[in-house]
$ cat target29.txt   # compact mmCIF, C-alpha atoms and all ligand atoms
# COMPACT_ATOMS: atom_id res chain seq x y z
CA MET R 1 -10.82 18.23 6.02
CA ARG R 2 -10.31 16.56 2.66
CA ALA R 3 -7.22 15.18 0.91
CA THR R 4 -6.23 12.80 -1.88
CA ALA R 5 -3.17 10.54 -1.88
CA LEU R 6 -1.47 8.26 -4.37
CA ALA R 7 0.47 5.16 -3.34
CA HIS R 8 2.11 2.35 -5.27
CA SER R 9 2.24 -1.32 -4.58
CA ASN R 10 5.51 -2.93 -3.57
CA ILE R 11 7.05 -6.36 -3.98
CA ALA R 12 9.15 -7.98 -1.28
CA LEU R 13 12.59 -9.17 -2.37
CA VAL R 14 13.04 -10.64 1.12
CA LYS R 15 9.61 -11.73 2.31
CA TYR R 16 7.60 -11.00 5.42
CA TRP R 17 5.60 -14.02 6.63
CA GLY R 18 4.29 -14.13 10.22
CA LYS R 19 3.45 -11.69 13.00
CA ARG R 20 4.90 -11.28 16.48
CA ASP R 21 1.84 -9.20 17.47
CA VAL R 22 -1.43 -9.60 15.56
CA ASP R 23 -3.23 -6.55 17.02
CA LEU R 24 -0.40 -4.13 16.24
CA ASN R 25 0.50 -6.01 13.06
CA LEU R 26 4.13 -6.40 14.09
CA PRO R 27 6.14 -8.76 11.87
CA ALA R 28 8.15 -11.66 13.30
CA ALA R 29 11.02 -10.59 11.04
CA GLY R 30 11.94 -7.67 8.78
CA SER R 31 11.73 -7.50 4.98
CA VAL R 32 13.25 -5.77 1.95
CA SER R 33 11.11 -4.53 -0.93
CA LEU R 34 10.82 -2.39 -4.01
CA THR R 35 8.03 0.19 -4.36
CA LEU R 36 6.53 -0.16 -7.83
CA ALA R 37 5.29 2.63 -10.06
CA GLY R 38 2.70 1.30 -12.46
CA MET R 39 0.53 -0.37 -9.80
CA SER R 40 -1.24 2.34 -7.84
CA THR R 41 -4.09 3.23 -5.52
CA ARG R 42 -5.60 6.71 -5.43
CA THR R 43 -7.69 7.53 -2.36
CA THR R 44 -9.68 10.58 -1.27
CA VAL R 45 -10.70 10.99 2.37
CA GLU R 46 -13.18 13.63 3.47
CA PHE R 47 -14.09 14.08 7.13
CA ASP R 48 -17.32 15.93 7.86
CA THR R 49 -19.09 16.41 11.20
CA GLY R 50 -22.34 16.30 9.18
CA PHE R 51 -21.80 12.68 8.00
CA SER R 52 -23.72 10.10 10.03
CA ALA R 53 -21.55 7.08 9.11
CA ASP R 54 -18.30 6.19 7.36
CA THR R 55 -18.73 5.23 3.72
CA PHE R 56 -16.18 3.48 1.53
CA GLU R 57 -16.32 3.22 -2.24
CA LEU R 58 -13.76 0.96 -3.96
CA ASP R 59 -13.33 0.89 -7.73
CA GLY R 60 -16.68 2.58 -8.30
CA GLU R 61 -18.73 0.30 -6.04
CA VAL R 62 -19.92 0.50 -2.45
CA ALA R 63 -17.51 -1.70 -0.50
CA SER R 64 -18.65 -4.63 1.68
CA PRO R 65 -19.55 -3.97 5.35
CA GLU R 66 -16.38 -5.90 6.36
CA ALA R 67 -14.12 -3.76 4.17
CA THR R 68 -15.84 -0.58 5.39
CA PHE R 69 -15.37 -1.69 9.02
CA ARG R 70 -11.65 -2.27 8.41
CA VAL R 71 -11.37 1.23 6.93
CA SER R 72 -13.31 2.76 9.86
CA GLN R 73 -11.01 1.13 12.39
CA PHE R 74 -8.00 2.40 10.50
CA LEU R 75 -9.40 5.95 10.29
CA ASP R 76 -9.74 5.93 14.11
CA LEU R 77 -5.95 5.47 14.28
CA CYS R 78 -5.37 8.32 11.83
CA TRP R 79 -7.42 10.86 13.80
CA TYR R 80 -5.84 12.62 16.82
CA ASP R 81 -8.52 12.07 19.50
CA ASP R 82 -11.66 10.04 20.26
CA GLU R 83 -14.00 12.51 18.57
CA ARG R 84 -13.40 11.57 14.96
CA PRO R 85 -15.95 12.92 12.50
CA ARG R 86 -17.30 10.29 10.07
CA ALA R 87 -15.65 10.10 6.67
CA ARG R 88 -16.31 9.48 3.03
CA VAL R 89 -13.53 7.39 1.46
CA VAL R 90 -13.30 6.91 -2.30
CA SER R 91 -10.54 4.67 -3.59
CA SER R 92 -9.52 3.14 -6.91
CA ASN R 93 -6.81 0.74 -8.00
CA ASP R 94 -5.33 0.61 -11.48
CA PHE R 95 -4.65 -3.15 -11.09
CA PRO R 96 -6.79 -6.14 -9.98
CA THR R 97 -7.83 -5.84 -6.32
CA ALA R 98 -7.08 -8.64 -3.82
CA ALA R 99 -5.63 -11.06 -6.36
CA GLY R 100 -2.31 -11.41 -4.58
CA LEU R 101 -0.99 -8.23 -6.16
CA ALA R 102 -0.54 -6.42 -2.83
CA SER R 103 -3.51 -4.08 -3.22
CA SER R 104 -3.63 -3.84 0.59
CA ALA R 105 -0.11 -2.36 0.54
CA SER R 106 -0.90 0.53 -1.78
CA GLY R 107 -4.41 0.78 -0.31
CA PHE R 108 -3.43 1.34 3.32
CA ALA R 109 -0.43 3.50 2.40
CA ALA R 110 -2.71 5.81 0.36
CA LEU R 111 -5.34 5.79 3.11
CA ALA R 112 -2.79 6.67 5.82
CA VAL R 113 -1.45 9.62 3.84
CA ALA R 114 -4.88 10.91 2.73
CA ALA R 115 -6.49 10.53 6.17
CA THR R 116 -3.67 12.11 8.19
CA SER R 117 -3.44 14.95 5.68
CA ALA R 118 -7.24 15.51 5.79
CA ALA R 119 -6.94 15.52 9.60
CA GLU R 120 -4.12 18.10 9.25
CA ARG R 121 -1.68 16.02 11.25
CA GLN R 122 2.03 16.70 10.73
CA LEU R 123 3.69 13.28 10.73
CA ASN R 124 7.13 12.33 9.45
CA GLU R 125 7.63 9.44 7.00
CA ALA R 126 8.49 6.91 9.72
CA GLU R 127 5.35 7.82 11.66
CA VAL R 128 3.17 7.42 8.56
CA SER R 129 4.87 4.08 7.87
CA VAL R 130 4.09 2.91 11.43
CA LEU R 131 0.47 3.92 10.90
CA ALA R 132 0.18 2.21 7.50
CA ARG R 133 1.61 -0.97 9.07
CA ARG R 134 -1.44 -1.15 11.35
CA GLY R 135 -3.60 -1.59 8.22
CA SER R 136 -1.37 -4.16 6.54
CA GLY R 137 2.23 -5.16 7.26
CA SER R 138 3.40 -4.64 3.69
CA ALA R 139 1.71 -1.19 3.51
CA ALA R 140 4.44 0.22 5.77
CA ARG R 141 6.85 -0.27 2.84
CA SER R 142 4.67 1.47 0.22
CA VAL R 143 4.98 4.71 2.21
CA VAL R 144 8.64 5.00 1.20
CA SER R 145 10.38 5.32 -2.19
CA GLY R 146 12.38 2.82 -4.17
CA PHE R 147 14.24 0.08 -2.33
CA ALA R 148 12.92 -0.24 1.22
CA TRP R 149 14.22 -1.79 4.42
CA MET R 150 11.46 -2.74 6.84
CA SER R 151 12.75 -3.14 10.39
CA ARG R 152 11.30 -5.83 12.61
CA GLY R 153 11.65 -3.43 15.55
CA GLU R 154 12.13 -4.38 19.18
CA ARG R 155 9.63 -2.20 21.01
CA ALA R 156 6.34 -3.69 22.24
CA ASP R 157 4.44 -0.61 20.99
CA GLY R 158 5.84 -1.03 17.46
CA MET R 159 7.06 2.56 17.12
CA ASP R 160 10.44 1.34 15.80
CA CYS R 161 8.81 -1.02 13.31
CA HIS R 162 8.62 0.88 10.04
CA ALA R 163 10.19 1.10 6.60
CA TYR R 164 12.79 3.47 5.26
CA SER R 165 14.26 3.89 1.81
CA PHE R 166 17.90 2.85 1.32
CA ALA R 167 18.07 3.52 -2.45
CA ASP R 168 15.99 5.92 -4.56
CA PRO R 169 13.83 4.68 -7.45
CA ASP R 170 16.38 5.92 -10.00
CA TYR R 171 19.30 4.17 -8.25
CA TRP R 172 18.78 1.01 -10.29
CA ASP R 173 16.35 0.71 -13.19
CA LEU R 174 15.00 -2.77 -12.62
CA ARG R 175 11.71 -3.81 -14.19
CA CYS R 176 9.11 -6.14 -12.82
CA VAL R 177 7.00 -8.06 -15.33
CA VAL R 178 3.94 -9.34 -13.49
CA ALA R 179 2.38 -12.47 -14.99
CA LEU R 180 -1.28 -12.88 -14.06
CA CYS R 181 -1.77 -16.60 -13.61
CA ALA R 182 -5.42 -16.67 -12.41
CA ARG R 183 -8.46 -14.44 -12.20
CA GLY R 184 -10.34 -13.47 -9.06
CA LYS R 185 -9.49 -13.30 -5.41
CA LYS R 186 -7.06 -15.65 -3.72
CA ALA R 187 -8.49 -18.46 -1.57
CA VAL R 188 -6.43 -17.82 1.58
CA GLY R 189 -5.66 -14.25 2.66
CA SER R 190 -2.11 -13.45 3.73
CA THR R 191 -2.96 -12.93 7.43
CA ASP R 192 -4.77 -16.28 7.65
CA GLY R 193 -2.01 -18.00 5.66
CA MET R 194 0.80 -16.69 7.84
CA THR R 195 -1.02 -17.32 11.13
CA HIS R 196 -1.74 -20.89 10.07
CA THR R 197 1.91 -21.36 9.04
CA MET R 198 3.15 -20.08 12.41
CA GLN R 199 0.78 -22.38 14.27
CA THR R 200 1.26 -25.59 12.32
CA SER R 201 4.40 -25.58 10.14
CA PRO R 202 7.45 -27.41 11.51
CA TYR R 203 9.52 -25.23 9.15
CA TYR R 204 8.31 -21.87 10.44
CA ASP R 205 11.12 -21.18 12.93
CA ALA R 206 13.71 -22.22 10.36
CA TRP R 207 12.17 -19.74 7.91
CA VAL R 208 12.38 -16.85 10.41
CA GLU R 209 16.03 -17.68 11.08
CA THR R 210 16.92 -17.10 7.42
CA VAL R 211 15.53 -13.56 7.19
CA ALA R 212 18.09 -11.29 8.92
CA GLU R 213 21.01 -12.53 6.81
CA ALA R 214 18.96 -12.44 3.61
CA MET R 215 18.03 -8.80 4.29
CA VAL R 216 21.67 -7.74 4.64
CA SER R 217 22.60 -9.66 1.50
CA ALA R 218 19.71 -8.15 -0.53
CA ARG R 219 20.61 -4.62 0.57
CA GLU R 220 24.26 -5.13 -0.41
CA ALA R 221 23.22 -6.61 -3.75
CA VAL R 222 21.04 -3.56 -4.49
CA LEU R 223 23.70 -1.07 -3.39
CA GLU R 224 26.26 -2.83 -5.62
CA ARG R 225 23.69 -3.29 -8.42
CA ASP R 226 24.67 -6.96 -8.39
CA PHE R 227 21.80 -8.61 -10.29
CA GLU R 228 23.03 -12.19 -9.90
CA ARG R 229 23.34 -11.87 -6.14
CA LEU R 230 19.91 -10.24 -5.83
CA ALA R 231 18.43 -13.02 -7.99
CA SER R 232 19.89 -15.65 -5.70
CA VAL R 233 18.73 -14.09 -2.43
CA ALA R 234 15.25 -13.10 -3.69
CA GLU R 235 14.43 -16.51 -5.18
CA ALA R 236 15.68 -18.26 -2.04
CA SER R 237 13.55 -16.01 0.20
CA CYS R 238 10.48 -16.63 -1.94
CA LEU R 239 10.90 -20.41 -2.05
CA GLN R 240 11.73 -20.62 1.67
CA MET R 241 8.62 -18.61 2.58
CA HIS R 242 6.40 -20.78 0.38
CA ALA R 243 8.06 -23.97 1.64
CA SER R 244 7.22 -23.01 5.23
CA ALA R 245 3.58 -22.34 4.21
CA GLN R 246 3.33 -25.57 2.18
CA ALA R 247 4.60 -27.57 5.18
CA SER R 248 1.62 -26.40 7.32
CA ARG R 249 -1.25 -28.75 8.16
CA PRO R 250 -3.21 -28.60 5.97
CA GLY R 251 -0.61 -27.11 3.65
CA VAL R 252 -1.12 -23.60 2.26
CA LEU R 253 -0.40 -23.73 -1.46
CA TYR R 254 -0.77 -20.46 -3.38
CA TRP R 255 0.60 -21.70 -6.71
CA ASN R 256 -1.19 -23.15 -9.71
CA GLY R 257 0.28 -25.01 -12.68
CA THR R 258 1.17 -21.81 -14.52
CA THR R 259 3.11 -20.56 -11.47
CA VAL R 260 5.28 -23.68 -11.60
CA GLU R 261 5.73 -23.47 -15.40
CA LEU R 262 7.01 -19.91 -14.96
CA ILE R 263 9.46 -20.88 -12.21
CA HIS R 264 11.01 -23.46 -14.55
CA ALA R 265 10.94 -21.08 -17.53
CA VAL R 266 12.70 -18.26 -15.63
CA ARG R 267 15.43 -20.66 -14.54
CA GLU R 268 15.93 -21.89 -18.11
CA TRP R 269 16.15 -18.33 -19.46
CA ARG R 270 18.72 -17.47 -16.81
CA ALA R 271 20.77 -20.55 -17.67
CA GLU R 272 20.75 -19.30 -21.30
CA GLY R 273 22.20 -15.97 -20.14
CA LEU R 274 19.11 -13.77 -19.77
CA PRO R 275 19.27 -11.75 -16.51
CA VAL R 276 15.94 -12.63 -14.80
CA PHE R 277 14.63 -13.87 -11.48
CA PHE R 278 11.18 -14.62 -10.10
CA THR R 279 9.34 -13.89 -6.89
CA ILE R 280 5.82 -14.88 -5.77
CA ASP R 281 3.62 -13.50 -2.98
CA ALA R 282 0.50 -14.96 -1.38
CA GLY R 283 -1.16 -15.79 -4.69
CA PRO R 284 -0.45 -17.61 -7.98
CA HIS R 285 1.02 -14.66 -9.93
CA VAL R 286 4.71 -14.59 -10.77
CA LYS R 287 6.75 -11.38 -10.76
CA VAL R 288 9.72 -11.59 -13.09
CA PHE R 289 12.52 -9.06 -12.48
CA CYS R 290 15.09 -7.97 -15.05
CA PRO R 291 17.22 -4.92 -15.88
CA ALA R 292 15.34 -2.30 -17.98
CA SER R 293 17.55 -3.15 -20.98
CA HIS R 294 16.00 -6.65 -21.20
CA VAL R 295 12.36 -5.91 -20.47
CA GLU R 296 11.00 -6.25 -24.04
CA LYS R 297 12.48 -9.71 -24.44
CA VAL R 298 11.31 -10.79 -20.98
CA ARG R 299 7.77 -9.54 -21.64
CA ASP R 300 7.62 -11.52 -24.90
CA ARG R 301 8.92 -14.67 -23.26
CA VAL R 302 6.54 -14.42 -20.28
CA ALA R 303 3.57 -13.79 -22.60
CA ASP R 304 4.44 -16.99 -24.49
CA VAL R 305 4.16 -19.24 -21.43
CA ASP R 306 0.94 -21.29 -21.48
CA GLY R 307 -1.62 -20.13 -18.93
CA VAL R 308 -0.38 -16.54 -18.55
CA LEU R 309 -3.59 -14.48 -18.76
CA ASP R 310 -2.21 -10.99 -18.75
CA ILE R 311 0.96 -9.00 -18.15
CA LEU R 312 1.61 -5.83 -16.16
CA GLU R 313 4.90 -3.98 -16.12
CA ALA R 314 6.18 -1.98 -13.19
CA ARG R 315 9.32 0.03 -12.44
CA PRO R 316 10.82 1.50 -9.25
CA GLY R 317 8.46 4.12 -7.86
CA HIS R 318 8.11 6.85 -5.26
CA GLY R 319 6.51 6.57 -1.85
CA ALA R 320 2.93 7.51 -0.93
CA ARG R 321 2.17 11.21 -1.30
CA VAL R 322 -0.56 13.82 -1.31
CA VAL R 323 -1.70 14.68 -4.83
CA GLU R 324 -4.06 17.20 -6.29
CA ASP R 325 -7.69 16.57 -5.52
CA ASP R 326 -9.42 16.27 -8.89
CA ALA R 327 -13.04 16.14 -7.67
O1 LIG R 401 1.02 -7.36 4.79
P1 LIG R 401 0.29 -8.34 3.94
O2 LIG R 401 -0.91 -8.86 4.59
O3 LIG R 401 0.04 -7.74 2.58
O4 LIG R 401 1.28 -9.62 3.71
C1 LIG R 401 2.36 -9.64 2.83
C2 LIG R 401 2.83 -11.04 2.60
C3 LIG R 401 3.65 -11.26 1.34
O5 LIG R 401 3.19 -10.47 0.27
C4 LIG R 401 3.52 -12.71 0.92
C5 LIG R 401 5.14 -11.01 1.57
C6 LIG R 401 5.57 -9.58 1.63
O6 LIG R 401 6.55 -9.32 2.35
O7 LIG R 401 4.98 -8.72 0.96
$ encode --input "target29.txt" --output "structure tokens" --more "lines below"
Ligand code: PMV
Amino acid sequence: MRATALAHSNIALVKYWGKRDVDLNLPAAGSVSLTLAGMSTRTTVEFDTGFSADTFELDGEVASPEATFRVSQFLDLCWYDDERPRARVVSSNDFPTAAGLASSASGFAALAVAATSAAERQLNEAEVSVLARRGSGSAARSVVSGFAWMSRGERADGMDCHAYSFADPDYWDLRCVVALCARGKKAVGSTDGMTHTMQTSPYYDAWVETVAEAMVSAREAVLERDFERLASVAEASCLQMHASAQASRPGVLYWNGTTVELIHAVREWRAEGLPVFFTIDAGPHVKVFCPASHVEKVRDRVADVDGVLDILEARPGHGARVVEDDA
């Protein structure tokens, strides 16, 4: 009753922002993303009837009671009946945790795969994606490989709300240069930020109305490997999502000065002919996309922008999977 899984982070090209059901974590609209090799979580789950409580170790340290509780609740969903044995969960990220780099996406995707495998459940990819979604909306997308389409779904029970891959990781060799623009955890978590936006932003409904068309356009752009079109739809989705959050009361502003410098810089580079676009999630960091052929130049340029603290590079990656247990 033990298994280890590896899952990568993912970045939304068309963003998810807002829930139609908070308990089931059902999004108000769909999203389109890319699963990213190079930003990973590795998680081992061991169930044992001899354990007296669930324990959760994250990056070598005992996790907080709140984080452990969230893991316990999720493990209940992964087990097949009400008699779940307690578990030992050991997890590590190879990138900064909870800094707006989607560690919850790779985290819950890895946990879903490791826990259901340790429980010896035979689930298909869509079922694992549904399960991962209960932990974090974006985690549903890290279950699948490459370019992912996350359906909003229509059913009240959420069983049709999951991701699937529409292009493999090797379909298009894009690179994502992640510019770290601050240290430490973000001030407003994504769930709080999106709930507040839904409740108080006069732009929220307008934002939701943009999503369906943007998803179709992003998928076509990927399938045609049309970088310019993808740049246009991804930047618009990012800015529209942030505009709806910024229009809340009080406004939710995830950016710092370096974030804004990078937005301007990316636009200047593109005007000069460099194929690049930016996207930003619920944090200050900027993800700069480019074709693999331009990644060295883009890395150098991003590193030169004042305030950029560090750089990570990611490429299209595979979905969450069971890996060899090295303990
Ligand atoms: O599912 P969460 O709580 O990780 O929220 C994801 C929200 C964004 O990263 C801002 C957008 C997205 O689609 O990933």
$ residues_near_point --input "target29.txt" --point "(16.3, 2.1, -15.8)" --cutoff "12 Å" --atoms "all atoms listed in the file" --output "PDB file with C-alpha atoms, keeping the file's coordinate frame"
ATOM      1  CA  ASP R 168      15.990   5.920  -4.560  1.00  0.00           C
ATOM      2  CA  PRO R 169      13.830   4.680  -7.450  1.00  0.00           C
ATOM      3  CA  ASP R 170      16.380   5.920 -10.000  1.00  0.00           C
ATOM      4  CA  TYR R 171      19.300   4.170  -8.250  1.00  0.00           C
ATOM      5  CA  TRP R 172      18.780   1.010 -10.290  1.00  0.00           C
ATOM      6  CA  ASP R 173      16.350   0.710 -13.190  1.00  0.00           C
ATOM      7  CA  LEU R 174      15.000  -2.770 -12.620  1.00  0.00           C
ATOM      8  CA  ARG R 175      11.710  -3.810 -14.190  1.00  0.00           C
ATOM      9  CA  CYS R 176       9.110  -6.140 -12.820  1.00  0.00           C
ATOM     10  CA  ARG R 225      23.690  -3.290  -8.420  1.00  0.00           C
ATOM     11  CA  CYS R 290      15.090  -7.970 -15.050  1.00  0.00           C
ATOM     12  CA  PRO R 291      17.220  -4.920 -15.880  1.00  0.00           C
ATOM     13  CA  ALA R 292      15.340  -2.300 -17.980  1.00  0.00           C
ATOM     14  CA  SER R 293      17.550  -3.150 -20.980  1.00  0.00           C
ATOM     15  CA  HIS R 294      16.000  -6.650 -21.200  1.00  0.00           C
ATOM     16  CA  VAL R 295      12.360  -5.910 -20.470  1.00  0.00           C
ATOM     17  CA  ALA R 314       6.180  -1.980 -13.190  1.00  0.00           C
ATOM     18  CA  ARG R 315       9.320   0.030 -12.440  1.00  0.00           C
ATOM     19  CA  PRO R 316      10.820   1.500  -9.250  1.00  0.00           C
ATOM     20  CA  GLY R 317       8.460   4.120  -7.860  1.00  0.00           C
TER      21      GLY R 317
END
$ closest_atom_pairs --input "target29.txt" --of "range 2-75 of chain R" --to "range 131-142 of chain R" --cutoff "12 Å" --atoms "only C-alpha atoms" --output "CSV"
residue,atom,partner,partner_atom,distance
R:Leu6,CA,R:Ser142,CA,10.2
R:Ala7,CA,R:Ser142,CA,6.6
R:His8,CA,R:Ser142,CA,6.1
R:Ser9,CA,R:Ser142,CA,6.1
R:Asn10,CA,R:Ser142,CA,5.9
R:Ile11,CA,R:Ser138,CA,8.7
R:Ala12,CA,R:Ser138,CA,8.3
R:Leu13,CA,R:Arg141,CA,11.8
R:Val14,CA,R:Ser138,CA,11.6
R:Lys15,CA,R:Ser138,CA,9.5
R:Tyr16,CA,R:Ser138,CA,7.8
R:Trp17,CA,R:Gly137,CA,9.5
R:Gly18,CA,R:Gly137,CA,9.7
R:Lys19,CA,R:Gly137,CA,8.8
R:Arg20,CA,R:Gly137,CA,11.4
R:Asp21,CA,R:Arg134,CA,10.6
R:Val22,CA,R:Arg134,CA,9.4
R:Asp23,CA,R:Arg134,CA,8.0
R:Leu24,CA,R:Arg134,CA,5.8
R:Asn25,CA,R:Arg134,CA,5.5
R:Leu26,CA,R:Gly137,CA,7.2
R:Pro27,CA,R:Gly137,CA,7.0
R:Ala28,CA,R:Gly137,CA,10.7
R:Ala29,CA,R:Gly137,CA,11.0
R:Gly30,CA,R:Gly137,CA,10.1
R:Ser31,CA,R:Ser138,CA,8.9
R:Val32,CA,R:Arg141,CA,8.5
R:Ser33,CA,R:Arg141,CA,7.1
R:Leu34,CA,R:Arg141,CA,8.2
R:Thr35,CA,R:Ser142,CA,5.8
R:Leu36,CA,R:Ser142,CA,8.4
R:Ala37,CA,R:Ser142,CA,10.4
R:Met39,CA,R:Ser142,CA,11.0
R:Ser40,CA,R:Ser142,CA,10.0
R:Thr41,CA,R:Ser142,CA,10.6
R:Ala67,CA,R:Gly135,CA,11.5
R:Phe69,CA,R:Gly135,CA,11.8
R:Arg70,CA,R:Gly135,CA,8.1
R:Val71,CA,R:Gly135,CA,8.4
R:Ser72,CA,R:Gly135,CA,10.8
R:Gln73,CA,R:Gly135,CA,8.9
R:Phe74,CA,R:Gly135,CA,6.4
R:Leu75,CA,R:Gly135,CA,9.7
$ closest_residue --input "target29.txt" --among "R:Pro85, R:Gly273, R:Gly251, R:Gly153" --to "Tyr203 in chain R" --atoms "only C-alpha atoms"
R:Gly251
$ residues_around --input "target29.txt" --residues "Ala245 in chain R" --least-positions-apart "5" --cutoff "10 Å" --atoms "only C-alpha atoms" --output "tab-separated table (two decimals) with C-alpha atoms, in the frame of the given file"
chain	number	residue	atom	x	y	z
R	17	TRP	CA	5.60	-14.02	6.63
R	193	GLY	CA	-2.01	-18.00	5.66
R	194	MET	CA	0.80	-16.69	7.84
R	195	THR	CA	-1.02	-17.32	11.13
R	196	HIS	CA	-1.74	-20.89	10.07
R	197	THR	CA	1.91	-21.36	9.04
R	198	MET	CA	3.15	-20.08	12.41
R	200	THR	CA	1.26	-25.59	12.32
R	201	SER	CA	4.40	-25.58	10.14
R	202	PRO	CA	7.45	-27.41	11.51
R	203	TYR	CA	9.52	-25.23	9.15
R	204	TYR	CA	8.31	-21.87	10.44
R	207	TRP	CA	12.17	-19.74	7.91
R	239	LEU	CA	10.90	-20.41	-2.05
R	240	GLN	CA	11.73	-20.62	1.67
R	250	PRO	CA	-3.21	-28.60	5.97
R	251	GLY	CA	-0.61	-27.11	3.65
R	252	VAL	CA	-1.12	-23.60	2.26
R	253	LEU	CA	-0.40	-23.73	-1.46
R	254	TYR	CA	-0.77	-20.46	-3.38
R	282	ALA	CA	0.50	-14.96	-1.38
$ residues_around --input "target29.txt" --residues "Val298 in chain R" --least-positions-apart "3" --cutoff "12 Å" --atoms "all atoms listed in the file" --output "PDB file with C-alpha atoms, keeping the file's coordinate frame"
ATOM      1  CA  ARG R 175      11.710  -3.810 -14.190  1.00  0.00           C
ATOM      2  CA  CYS R 176       9.110  -6.140 -12.820  1.00  0.00           C
ATOM      3  CA  VAL R 177       7.000  -8.060 -15.330  1.00  0.00           C
ATOM      4  CA  VAL R 178       3.940  -9.340 -13.490  1.00  0.00           C
ATOM      5  CA  ALA R 179       2.380 -12.470 -14.990  1.00  0.00           C
ATOM      6  CA  LEU R 262       7.010 -19.910 -14.960  1.00  0.00           C
ATOM      7  CA  ALA R 265      10.940 -21.080 -17.530  1.00  0.00           C
ATOM      8  CA  VAL R 266      12.700 -18.260 -15.630  1.00  0.00           C
ATOM      9  CA  TRP R 269      16.150 -18.330 -19.460  1.00  0.00           C
ATOM     10  CA  ARG R 270      18.720 -17.470 -16.810  1.00  0.00           C
ATOM     11  CA  LEU R 274      19.110 -13.770 -19.770  1.00  0.00           C
ATOM     12  CA  PRO R 275      19.270 -11.750 -16.510  1.00  0.00           C
ATOM     13  CA  VAL R 276      15.940 -12.630 -14.800  1.00  0.00           C
ATOM     14  CA  PHE R 277      14.630 -13.870 -11.480  1.00  0.00           C
ATOM     15  CA  PHE R 278      11.180 -14.620 -10.100  1.00  0.00           C
ATOM     16  CA  LYS R 287       6.750 -11.380 -10.760  1.00  0.00           C
ATOM     17  CA  VAL R 288       9.720 -11.590 -13.090  1.00  0.00           C
ATOM     18  CA  PHE R 289      12.520  -9.060 -12.480  1.00  0.00           C
ATOM     19  CA  CYS R 290      15.090  -7.970 -15.050  1.00  0.00           C
ATOM     20  CA  PRO R 291      17.220  -4.920 -15.880  1.00  0.00           C
ATOM     21  CA  ALA R 292      15.340  -2.300 -17.980  1.00  0.00           C
ATOM     22  CA  SER R 293      17.550  -3.150 -20.980  1.00  0.00           C
ATOM     23  CA  HIS R 294      16.000  -6.650 -21.200  1.00  0.00           C
ATOM     24  CA  VAL R 295      12.360  -5.910 -20.470  1.00  0.00           C
ATOM     25  CA  ARG R 301       8.920 -14.670 -23.260  1.00  0.00           C
ATOM     26  CA  VAL R 302       6.540 -14.420 -20.280  1.00  0.00           C
ATOM     27  CA  ALA R 303       3.570 -13.790 -22.600  1.00  0.00           C
ATOM     28  CA  ASP R 304       4.440 -16.990 -24.490  1.00  0.00           C
ATOM     29  CA  VAL R 305       4.160 -19.240 -21.430  1.00  0.00           C
ATOM     30  CA  ILE R 311       0.960  -9.000 -18.150  1.00  0.00           C
ATOM     31  CA  LEU R 312       1.610  -5.830 -16.160  1.00  0.00           C
ATOM     32  CA  GLU R 313       4.900  -3.980 -16.120  1.00  0.00           C
TER      33      GLU R 313
END
$ atom_distance --input "target29.txt" --atom1 "CA of Phe147 in chain R" --atom2 "CA of Ser165 in chain R"
5.6 Å
$ closest_residue --input "target29.txt" --among "R:Val308, R:Ser244, R:Ser64, R:Trp79" --to "Leu123 in chain R" --atoms "all atoms listed in the file"
R:Trp79
$ closest_residue --input "target29.txt" --among "R:Asn256, R:Ser104, R:Ser217, R:Gln122" --to "ligand LIG 401 (chain R)" --atoms "only C-alpha atoms and all ligand atoms"
R:Ser104
$ atom_distance --input "target29.txt" --atom1 "CA of Val322 in chain R" --atom2 "CA of Ala110 in chain R"
8.5 Å
$ residues_around --input "target29.txt" --residues "Val89 in chain R" --least-positions-apart "3" --cutoff "10 Å" --atoms "all atoms listed in the file" --output "MDAnalysis selection string"
chainID R and resid 2 4 43:47 54:58 68 71:72 75 86 111 114:115
$ write_last_selection --input "target29.txt" --atoms "C-alpha atoms" --output "PDB file, in the coordinates of the input"
ATOM      1  CA  ARG R   2     -10.310  16.560   2.660  1.00  0.00           C
ATOM      2  CA  THR R   4      -6.230  12.800  -1.880  1.00  0.00           C
ATOM      3  CA  THR R  43      -7.690   7.530  -2.360  1.00  0.00           C
ATOM      4  CA  THR R  44      -9.680  10.580  -1.270  1.00  0.00           C
ATOM      5  CA  VAL R  45     -10.700  10.990   2.370  1.00  0.00           C
ATOM      6  CA  GLU R  46     -13.180  13.630   3.470  1.00  0.00           C
ATOM      7  CA  PHE R  47     -14.090  14.080   7.130  1.00  0.00           C
ATOM      8  CA  ASP R  54     -18.300   6.190   7.360  1.00  0.00           C
ATOM      9  CA  THR R  55     -18.730   5.230   3.720  1.00  0.00           C
ATOM     10  CA  PHE R  56     -16.180   3.480   1.530  1.00  0.00           C
ATOM     11  CA  GLU R  57     -16.320   3.220  -2.240  1.00  0.00           C
ATOM     12  CA  LEU R  58     -13.760   0.960  -3.960  1.00  0.00           C
ATOM     13  CA  THR R  68     -15.840  -0.580   5.390  1.00  0.00           C
ATOM     14  CA  VAL R  71     -11.370   1.230   6.930  1.00  0.00           C
ATOM     15  CA  SER R  72     -13.310   2.760   9.860  1.00  0.00           C
ATOM     16  CA  LEU R  75      -9.400   5.950  10.290  1.00  0.00           C
ATOM     17  CA  ARG R  86     -17.300  10.290  10.070  1.00  0.00           C
ATOM     18  CA  LEU R 111      -5.340   5.790   3.110  1.00  0.00           C
ATOM     19  CA  ALA R 114      -4.880  10.910   2.730  1.00  0.00           C
ATOM     20  CA  ALA R 115      -6.490  10.530   6.170  1.00  0.00           C
TER      21      ALA R 115
END
$ closest_residue --input "target29.txt" --among "R:Ala167, R:Met150, R:Val208, R:Ala112" --to "ligand LIG 401 (chain R)" --atoms "only C-alpha atoms and all ligand atoms"
R:Met150
$ atom_distance --input "target29.txt" --atom1 "CA of Glu324 in chain R" --atom2 "CA of Glu127 in chain R"
22.3 Å
